[in-house]
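Chemist: Right, I'll just put the structure down here and ask away after.
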Amino acid sequence: MLPGWPPSLNQLYLFRVARHHALRCINPMPASLQAFIVIFVVGALLRSRGVLTKMHAERLATLVFSISLPATILVSLDQVPVAPTAWKLPLAACLITLPMVFCSWQLACLLHLPRPTLGGFVLATGSINSVYFAFPVILATFGDDGLPQAVLFDLGQTTLTLTVLYGLAVWHGAQSATTRSAAIRFLSSPPLWALVCILAVKFSGHHLPSWLLELLKPLHFTTTPLASLVLGLSISFSAVRRTVRLATLGVAVRMGGGLVLGLMTVWVLGLTGVERAVVILVAAMPSAVSSVIFAAETRLDEELVASIVALSICLGVVMLPWLPQLAAMLLR
């Protein structure tokens, strides 16, 4: 009871306090992630109703790949601080992603998968959903102390995604008939050039000019919603049913294998505190939405990649309520 308040107002006050705490308990999901999921569901419904088709998804994926994603790379990595010990987080990404790619490729070869399907399996399991899933979760869990660590980790992950993973996607793609054509396609990639440019700027000790950042930010802000829409439009429920076994295996490799590799990596590098927690959490995140973009661009098995991404995101959403407790345990 609050002194001086009528009983009815006290009851209303207590009800509102209880409702506030209840909502905090049952709705811990970051707003940006909620928006991502809503747009993804809308895209899936539009595809299932026949309003938009796979052709629209491919055209939109080309737009994201050529314009929005390069802008995101430039804007995001421009903010990454360069500290004496900053190398540990990008190295952690390498120690997680490269063994994951090797193990996924070996597993896909044992399963005798067709070339585009093999490339899609490796691409989806090797890609970590940092920007669209991990960053909101890390920011909501650790605040400003954890986000720089996640961005540094993503620097290594992005470098590998745009070199090793995209190179493998091009090589296994249905249109990659020769080594020369695959090399030309790889070297002409707009995201790759964006990465080269921003790394050159960073290692020279400079930042992008403010006027350029202002021009790029509107494009950067379109990447998440457009990519989530591409993911939704790429989902075919009949395709998910056809690929559910292989997609489920891909999810297990991506998230379960990532967790194991994350635990091994923090032990090897001697990471502690927030760095340790961030590396383990990000290593076990769902598959990256950008893998759907790359699969559409290189003509891999887009249905399998979209299924792995969608199922892993659904599993990640289910696990969200337990992530704060898990993060607290990892800090010890």
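Identifiers for the structure tokens are assigned positionally: chains receive A, B, ... in sequence, residues are indexed from 1 per chain, and ligands are indexed from 1 in the order shown.
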Would you give me, as JSON lines, each residue of stretch 67-137 of chain A having an atom within 9 Å of an atom of stretch 242-250 of chain A, along with its shortest atom pair and that distance in Å to one decimal, using only C-alpha atoms and sorting by chain and residue number?

Modeler:
{"residue": "A:Ser104", "atom": "CA", "partner": "A:Gly250", "partner_atom": "CA", "distance": 8.4}
{"residue": "A:Phe121", "atom": "CA", "partner": "A:Gly250", "partner_atom": "CA", "distance": 6.7}
{"residue": "A:Val122", "atom": "CA", "partner": "A:Gly250", "partner_atom": "CA", "distance": 8.6}
{"residue": "A:Ala124", "atom": "CA", "partner": "A:Gly250", "partner_atom": "CA", "distance": 7.5}
{"residue": "A:Thr125", "atom": "CA", "partner": "A:Gly250", "partner_atom": "CA", "distance": 5.9}

Chemist: Could you give me, as a PyMOL selection string, the residues within 7 Å of stretch 157-160 of chain A, counting only C-alpha atoms and dropping anything in the same chain fewer than 5 positions from it?

Modeler: chain A and resi 90+93-94+165

Chemist: For A:Arg254, find every residue with an atom within 12 Å (counting only C-alpha atoms), except residues of its own chain fewer than 5 positions away, and show them as an MDAnalysis selection string.

Modeler: chainID A and resid 96:97 99:101 103:104 121:129 247:249 259:262 282:288 305 308:309 311:313 315:316

Chemist: If you measure from atom CA of A:Leu216 to atom CA of A:Leu63, what distance in Å do you get, rounded to one decimal?

Modeler: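 Distance reported for this atom pair: 14.7 Å.
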
Chemist: Please indicate the distance in Å from atom CA of A:Leu192 to atom CA of A:Met264, rounded to one decimal place.

Modeler: 29.3 Å
